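Text of start_24.txt, listed as compact mmCIF, C-alpha atoms:
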# COMPACT_ATOMS: atom_id res chain seq x y z
CA VAL X 932 94.71 148.67 126.15
CA GLY X 933 94.59 151.15 123.29
CA ALA X 934 94.09 154.14 125.56
CA ARG X 935 97.23 153.26 127.53
CA ASN X 936 99.27 152.65 124.38
CA PHE X 937 98.19 155.93 122.78
CA PRO X 938 97.11 158.18 125.69
CA LYS X 939 97.28 161.47 123.78
CA TYR X 940 94.37 160.32 121.61
CA GLY X 941 92.00 159.99 124.57
CA GLU X 942 88.79 158.15 123.68
CA ARG X 943 90.19 157.39 120.22
CA GLY X 944 93.13 155.49 121.72
CA GLU X 945 91.63 152.06 121.07
CA ASP X 946 90.93 152.87 117.43
CA VAL X 947 94.46 154.23 116.96
CA PHE X 948 95.84 151.09 118.61
CA ARG X 949 93.97 148.79 116.23
CA ASP X 950 94.78 151.06 113.27
CA SER X 951 98.46 150.56 114.00
CA PHE X 952 98.12 146.81 113.41
CA ASP X 953 96.15 147.35 110.21
CA LYS X 954 98.83 149.67 108.83
CA ALA X 955 101.65 147.35 109.89
CA LEU X 956 99.99 144.31 108.31
CA ALA X 957 99.35 146.22 105.08
CA GLY X 958 102.97 147.34 105.06
CA ILE X 959 104.21 143.76 104.88
CA GLY X 960 101.77 142.60 102.24
CA ALA X 961 98.52 141.68 103.98
CA ARG X 962 95.81 141.25 101.35
CA ILE X 963 92.79 139.22 100.34
CA CYS X 964 93.84 136.82 97.58
CA ASP X 965 92.01 137.09 94.27
CA ASN X 966 91.03 133.44 93.95
CA THR X 967 87.98 132.00 95.71
CA ASN X 968 87.45 128.65 97.42
CA GLU X 969 85.55 125.70 95.94
CA GLN X 970 82.26 127.32 96.96
CA GLY X 971 83.20 130.45 94.99
CA LYS X 972 83.69 132.50 98.18
CA LYS X 973 86.36 134.64 99.76
CA VAL X 974 86.37 133.85 103.48
CA ILE X 975 88.12 135.35 106.50
CA VAL X 976 88.33 133.18 109.62
CA ASP X 977 88.95 135.08 112.86
CA PHE X 978 90.52 132.79 115.47
CA GLY X 979 89.84 133.76 119.08
CA CYS X 980 87.29 136.35 118.01
CA GLY X 981 85.91 136.97 121.51
CA THR X 982 82.85 139.19 121.19
CA GLY X 983 83.65 139.88 117.54
CA THR X 984 85.50 143.21 117.78
CA SER X 985 88.18 142.21 115.27
CA THR X 986 85.66 140.32 113.10
CA ARG X 987 83.40 143.35 112.73
CA ARG X 988 86.39 145.57 112.02
CA MET X 989 87.57 143.34 109.17
CA ALA X 990 84.02 143.18 107.79
CA SER X 991 84.01 146.96 107.40
CA GLN X 992 87.50 146.97 105.87
CA TYR X 993 86.98 144.19 103.32
CA PRO X 994 83.62 144.55 101.55
CA GLN X 995 84.83 142.14 98.83
CA VAL X 996 84.85 139.24 101.31
CA ASP X 997 81.79 136.97 101.12
CA GLN X 998 81.91 135.50 104.63
CA LEU X 999 83.62 136.18 107.96
CA ILE X 1000 83.66 133.34 110.49
CA GLY X 1001 84.62 134.18 114.06
CA ILE X 1002 85.58 131.24 116.28
CA ASP X 1003 86.02 131.40 120.04
CA LEU X 1004 86.19 128.74 122.74
CA SER X 1005 83.95 130.77 125.07
CA PRO X 1006 80.21 130.40 124.38
CA TYR X 1007 79.63 133.49 126.54
CA PHE X 1008 81.80 135.76 124.40
CA VAL X 1009 80.17 134.40 121.25
CA ASP X 1010 76.70 134.99 122.71
CA VAL X 1011 77.59 138.59 123.59
CA GLY X 1012 79.00 139.12 120.10
CA ASN X 1013 75.88 137.81 118.41
CA THR X 1014 73.69 139.87 120.72
CA LEU X 1015 75.62 143.02 119.79
CA LEU X 1016 75.15 142.27 116.10
CA ASN X 1017 71.42 141.87 116.68
CA LEU X 1018 71.01 144.96 118.87
CA ALA X 1019 73.35 147.16 116.78
CA PRO X 1020 73.93 149.78 119.51
CA ASN X 1021 75.19 153.28 118.74
CA ALA X 1022 78.36 154.73 120.19
CA ILE X 1023 78.43 157.00 123.24
CA GLU X 1024 79.02 160.07 121.10
CA ASN X 1025 75.78 159.25 119.26
CA GLY X 1026 73.74 159.23 122.44
CA SER X 1027 73.93 155.53 123.28
CA GLY X 1028 75.80 153.73 126.02
CA TRP X 1029 78.07 151.53 123.93
CA ILE X 1030 81.75 152.19 123.19
CA THR X 1031 81.46 152.08 119.41
CA SER X 1032 78.64 151.91 116.91
CA ILE X 1033 77.93 148.38 115.69
CA THR X 1034 76.44 147.71 112.28
CA PRO X 1035 74.71 144.38 111.56
CA ASP X 1036 76.39 142.38 108.80
CA GLU X 1037 74.88 139.20 107.41
CA ARG X 1038 78.32 138.03 106.26
CA ILE X 1039 79.47 137.62 109.88
CA GLU X 1040 78.99 134.31 111.69
CA LEU X 1041 80.29 133.97 115.23
CA ARG X 1042 80.47 130.42 116.49
CA GLN X 1043 81.78 128.57 119.54
CA GLY X 1044 84.57 126.17 118.67
CA ASP X 1045 88.17 125.05 119.00
CA MET X 1046 90.51 127.01 116.74
CA ALA X 1047 92.97 124.12 116.83
CA ASN X 1048 90.26 121.91 115.33
CA THR X 1049 87.78 124.09 113.47
CA LEU X 1050 86.14 121.34 111.40
CA LEU X 1051 86.25 123.76 108.46
CA PRO X 1052 87.12 122.35 105.01
CA SER X 1053 90.75 122.37 103.92
CA ASN X 1054 91.78 125.11 101.47
CA SER X 1055 88.62 127.10 102.24
CA ALA X 1056 89.85 130.41 103.74
CA SER X 1057 91.47 133.44 102.16
CA VAL X 1058 92.75 134.75 105.52
CA VAL X 1059 93.09 133.44 109.06
CA ASN X 1060 93.40 136.22 111.62
CA LEU X 1061 94.83 135.96 115.16
CA SER X 1062 94.52 139.27 116.97
CA LEU X 1063 96.03 139.38 120.48
CA VAL X 1064 95.27 135.70 121.03
CA VAL X 1065 98.57 133.80 120.90
CA HIS X 1066 99.84 135.13 124.24
CA GLU X 1067 96.85 133.41 125.86
CA LEU X 1068 98.08 129.97 124.75
CA PRO X 1069 100.78 127.44 125.66
CA THR X 1070 103.36 127.25 122.87
CA SER X 1071 102.36 123.68 122.00
CA VAL X 1072 98.74 124.75 121.49
CA ALA X 1073 99.79 127.82 119.51
CA LYS X 1074 101.61 125.49 117.10
CA GLN X 1075 98.44 123.39 116.70
CA VAL X 1076 96.51 126.58 115.91
CA VAL X 1077 99.09 127.61 113.30
CA SER X 1078 98.89 124.13 111.72
CA GLU X 1079 95.10 124.37 111.60
CA ALA X 1080 95.34 127.80 109.99
CA TYR X 1081 97.67 126.38 107.35
CA ARG X 1082 95.28 123.49 106.68
CA ILE X 1083 92.22 125.64 106.07
CA LEU X 1084 94.01 128.34 104.05
CA GLN X 1085 93.68 128.08 100.30
CA PRO X 1086 96.73 128.50 98.05
CA GLY X 1087 97.72 132.15 98.19
CA GLY X 1088 95.97 132.58 101.55
CA GLN X 1089 97.55 134.38 104.47
CA LEU X 1090 97.85 134.07 108.25
CA TRP X 1091 97.76 137.44 110.05
CA ILE X 1092 99.03 137.70 113.63
CA SER X 1093 98.92 140.82 115.83
CA GLU X 1094 100.67 140.33 119.16
CA MET X 1095 102.73 141.52 122.12
CA ASP X 1096 106.45 141.57 121.40
CA PHE X 1097 108.62 140.62 124.36
CA GLU X 1098 111.67 141.19 122.20
CA SER X 1099 110.82 144.90 122.07
CA THR X 1100 112.77 147.19 124.38
CA ALA X 1101 109.68 148.23 126.32
CA TYR X 1102 108.37 144.76 127.12
CA LYS X 1103 111.88 143.47 127.83
CA ALA X 1104 112.25 146.13 130.52
CA GLN X 1105 108.82 145.39 131.95
CA ARG X 1106 109.57 141.68 132.20
CA GLU X 1107 112.81 142.40 134.03
CA ASN X 1108 110.79 144.17 136.74
CA ALA X 1109 109.51 141.25 138.81
CA LEU X 1110 106.75 143.23 140.54
CA LEU X 1111 105.35 144.81 137.37
CA PHE X 1112 105.46 141.58 135.43
CA SER X 1113 103.78 139.62 138.21
CA LEU X 1114 100.86 142.08 138.06
CA LEU X 1115 100.60 141.70 134.30
CA ARG X 1116 100.90 137.93 134.54
CA ALA X 1117 98.12 137.71 137.15
CA THR X 1118 95.48 137.67 134.42
CA GLU X 1119 97.66 136.07 131.72
CA PRO X 1120 98.63 132.57 132.95
CA TYR X 1121 100.70 131.65 129.86
CA LEU X 1122 102.52 134.96 129.47
CA ASP X 1123 105.90 133.65 130.64
CA GLU X 1124 105.68 130.67 128.31
CA TYR X 1125 104.59 132.94 125.46
CA ALA X 1126 107.53 135.29 126.03
CA ASP X 1127 110.03 132.42 126.25
CA GLY X 1128 108.52 130.64 123.25
CA MET X 1129 108.27 133.56 120.81
CA GLN X 1130 111.28 132.49 118.76
CA GLU X 1131 110.25 128.82 118.79
CA LEU X 1132 106.77 129.66 117.50
CA ARG X 1133 108.16 132.05 114.90
CA GLU X 1134 110.50 129.36 113.59
CA PHE X 1135 107.57 126.94 113.42
CA ILE X 1136 105.59 129.44 111.35
CA VAL X 1137 108.54 129.97 109.00
CA ASP X 1138 108.90 126.21 108.55
CA THR X 1139 105.16 125.78 107.94
CA PHE X 1140 104.46 128.60 105.49
CA ASP X 1141 106.14 129.58 102.22
CA SER X 1142 106.95 133.16 103.23
CA THR X 1143 106.84 135.02 106.54
CA LYS X 1144 107.25 138.73 107.31
CA ILE X 1145 107.15 140.51 110.67
CA THR X 1146 107.23 144.19 111.57
CA ALA X 1147 106.69 146.52 114.52
CA ALA X 1148 103.12 147.78 114.93
CA THR X 1149 103.43 149.81 118.14
CA GLY X 1150 106.38 150.36 120.46
CA ARG X 1151 105.68 146.98 122.04
CA HIS X 1152 103.61 144.96 119.54
CA TYR X 1153 104.29 143.24 116.23
CA ALA X 1154 102.34 142.30 113.12
CA LEU X 1155 103.11 139.14 111.13
CA VAL X 1156 101.99 137.91 107.71
CA ALA X 1157 102.65 134.31 106.64
CA GLU X 1158 101.57 133.17 103.20
CA ASN X 1159 100.54 129.76 101.94
CA GLY X 1160 102.13 129.85 98.48
CA PHE X 1161 100.80 128.38 95.27
CA ASP X 1162 101.94 124.87 94.41
CA SER X 1163 104.13 125.17 91.32
CA GLY X 1164 104.04 121.45 90.71
CA ASP X 1165 107.82 121.03 90.83
CA ASP X 1166 109.91 119.22 93.42
CA VAL X 1167 112.35 122.06 94.04
CA ASP X 1168 112.88 122.77 97.73
CA ARG X 1169 112.09 126.39 98.53
CA VAL X 1170 114.40 128.28 100.86
CA LYS X 1171 112.22 129.52 103.73
CA CYS X 1172 113.30 132.54 105.71
CA LEU X 1173 111.91 135.28 107.91
CA GLU X 1174 111.89 138.90 106.77
CA ASP X 1175 112.13 140.83 110.06
CA TYR X 1176 111.57 144.60 109.97
CA ARG X 1177 111.07 145.21 113.70
CA PHE X 1178 114.44 146.77 114.44
CA ARG X 1179 116.49 149.65 113.05
CA GLU X 1180 120.13 149.21 112.08
CA ASP X 1181 121.23 150.47 115.51
CA GLY X 1182 119.17 147.72 117.19
CA SER X 1183 116.40 150.00 118.47
CA TYR X 1184 112.76 149.08 117.97
CA ALA X 1185 111.37 150.54 114.75
CA VAL X 1186 108.33 152.20 116.37
CA GLU X 1187 108.47 154.62 119.27
CA ASP X 1188 106.91 153.39 122.50
CA THR X 1189 104.10 155.79 123.50
CA HIS X 1190 102.63 153.57 126.23
CA LEU X 1191 101.95 155.21 129.59
CA LYS X 1192 104.61 154.65 132.23
CA PRO X 1193 103.51 152.49 135.19
CA TRP X 1194 103.16 155.56 137.40
CA GLU X 1195 101.13 157.54 134.86
CA SER X 1196 97.36 157.54 134.44
CA LYS X 1197 95.23 158.23 131.38
CA ASP X 1198 94.12 161.51 132.96
CA ASP X 1199 97.65 162.96 133.26

Any chance you could put this one into structure tokens?
Amino acid sequence: VGARNFPKYGERGEDVFRDSFDKALAGIGARICDNTNEQGKKVIVDFGCGTGTSTRRMASQYPQVDQLIGIDLSPYFVDVGNTLLNLAPNAIENGSGWITSITPDERIELRQGDMANTLLPSNSASVVNLSLVVHELPTSVAKQVVSEAYRILQPGGQLWISEMDFESTAYKAQRENALLFSLLRATEPYLDEYADGMQELREFIVDTFDSTKITAATGRHYALVAENGFDSGDDVDRVKCLEDYRFREDGSYAVEDTHLKPWESKDD
């Protein structure tokens, strides 16, 4: 995915792709809150962690975090992720056969589970991360996942979402091409529902959290930060709104689309 989004970077395309989300999230206030949970820990929970790519990345970025819990419905992905942590292979450029170097980290725990029902304690997480997961879900399930994230986040905690943006010019055009979109949808059974339900899910997030910000990450992806605010103890109703930085004043998407055209290959 990264190599096609940033073809001029060659083998580094995937890293540049993921870097773009990190920078976009940071730009709209992504952070690890200062306070700890009742166990005295700062915890990141990575929903839909797969083999742990995003979990390991956050572990290297946030040394101040005490624990990182990756949750995925697939026991096979979790098993592969744990095996990689145990084997700790080197990257291809270092003489090994793996894509990137993997460093063992005792703070990381990958477990099989339902991210809509994690069984984790309420108010226990500093951050819940959803990286390229929501488009795999029906909208109704995505709402359940957001509600679960809100439940387990401590006051001042944040939900981070990195996702495809079908409101971007590039993905809009792709969806209007029936043949191209049918090929993309072949391996993404809920993609139509995700695209149609983007606004509905966004409104649900805004209604659930105290503040929500969204920005462009690549020419066809967004980053979102929603914060669970501190309880002030008063009964004043807060006005909830979305701060949307994805588009320029002229209506164009804020980040240039560098993705390969359908007829181009990574070798061109």

Which polymer residues, protein or nucleic acid, are no farther than 7 Å from (102.4, 129.2, 99.8), counting all atoms listed in the file, as an mmCIF file with C-alpha atoms, keeping the file's coordinate frame?
data_model
loop_
_atom_site.group_PDB
_atom_site.id
_atom_site.type_symbol
_atom_site.label_atom_id
_atom_site.label_comp_id
_atom_site.auth_asym_id
_atom_site.auth_seq_id
_atom_site.Cartn_x
_atom_site.Cartn_y
_atom_site.Cartn_z
ATOM 1 C CA PRO X 1086 96.730 128.500 98.050
ATOM 2 C CA GLY X 1087 97.720 132.150 98.190
ATOM 3 C CA PHE X 1140 104.460 128.600 105.490
ATOM 4 C CA ASP X 1141 106.140 129.580 102.220
ATOM 5 C CA SER X 1142 106.950 133.160 103.230
ATOM 6 C CA GLU X 1158 101.570 133.170 103.200
ATOM 7 C CA ASN X 1159 100.540 129.760 101.940
ATOM 8 C CA GLY X 1160 102.130 129.850 98.480
ATOM 9 C CA PHE X 1161 100.800 128.380 95.270
ATOM 10 C CA ASP X 1162 101.940 124.870 94.410
#

Exercise. Taking into account only C-alpha atoms, which residue in the set X:Tyr1184, X:Phe1008, X:Tyr1153, X:Tyr1121 is nearest to Ala955 (chain X)?
Worked result: X:Tyr1153

Please report as a Markdown table every residue of region 1029-1141 of chain X lying within 12 Å of region 948-954 of chain X, along with the nearest atom pair and their distance in Å (one decimal), using all atoms listed in the file.
| residue | atom | partner | partner_atom | distance |
| --- | --- | --- | --- | --- |
| X:Asn1060 | CA | X:Asp953 | CA | 11.6 |
| X:Leu1061 | CA | X:Phe952 | CA | 11.5 |
| X:Ser1062 | CA | X:Phe952 | CA | 9.1 |
| X:Leu1063 | CA | X:Phe952 | CA | 10.5 |
| X:Trp1091 | CA | X:Phe952 | CA | 10.0 |
| X:Ile1092 | CA | X:Phe952 | CA | 9.2 |
| X:Ser1093 | CA | X:Phe952 | CA | 6.5 |
| X:Glu1094 | CA | X:Phe952 | CA | 9.0 |
| X:Met1095 | CA | X:Phe952 | CA | 11.2 |

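One finds CA of Gln1075 (chain X) at 17.7 Å from CA of Gly1001 (chain X).
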
Exercise. Just how far from CA of His1152 (chain X) is CA of Lys1103 (chain X), in Å to one decimal?
Worked result: 11.8 Å

For this session: Between CA of Glu1107 (chain X) and CA of Val1076 (chain X), measure the distance and give it in Å to one decimal.
Result: 29.1 Å

Exercise. In terms of the shortest atom-to-atom distance over only C-alpha atoms, which of X:Leu1132, X:Leu1090, X:Ile1033, X:Ala1101 is closest to Ala990 (chain X)?
Worked result: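 Under the stated criterion, the closest residue is X:Ile1033.
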
Exercise. Contacts of Tyr993 (chain X) at 9 Å or less, counting only C-alpha atoms, minus same-chain residues fewer than 4 places along, as JSON, numbers by chain?
Worked result: {"X": [963, 988, 989]}
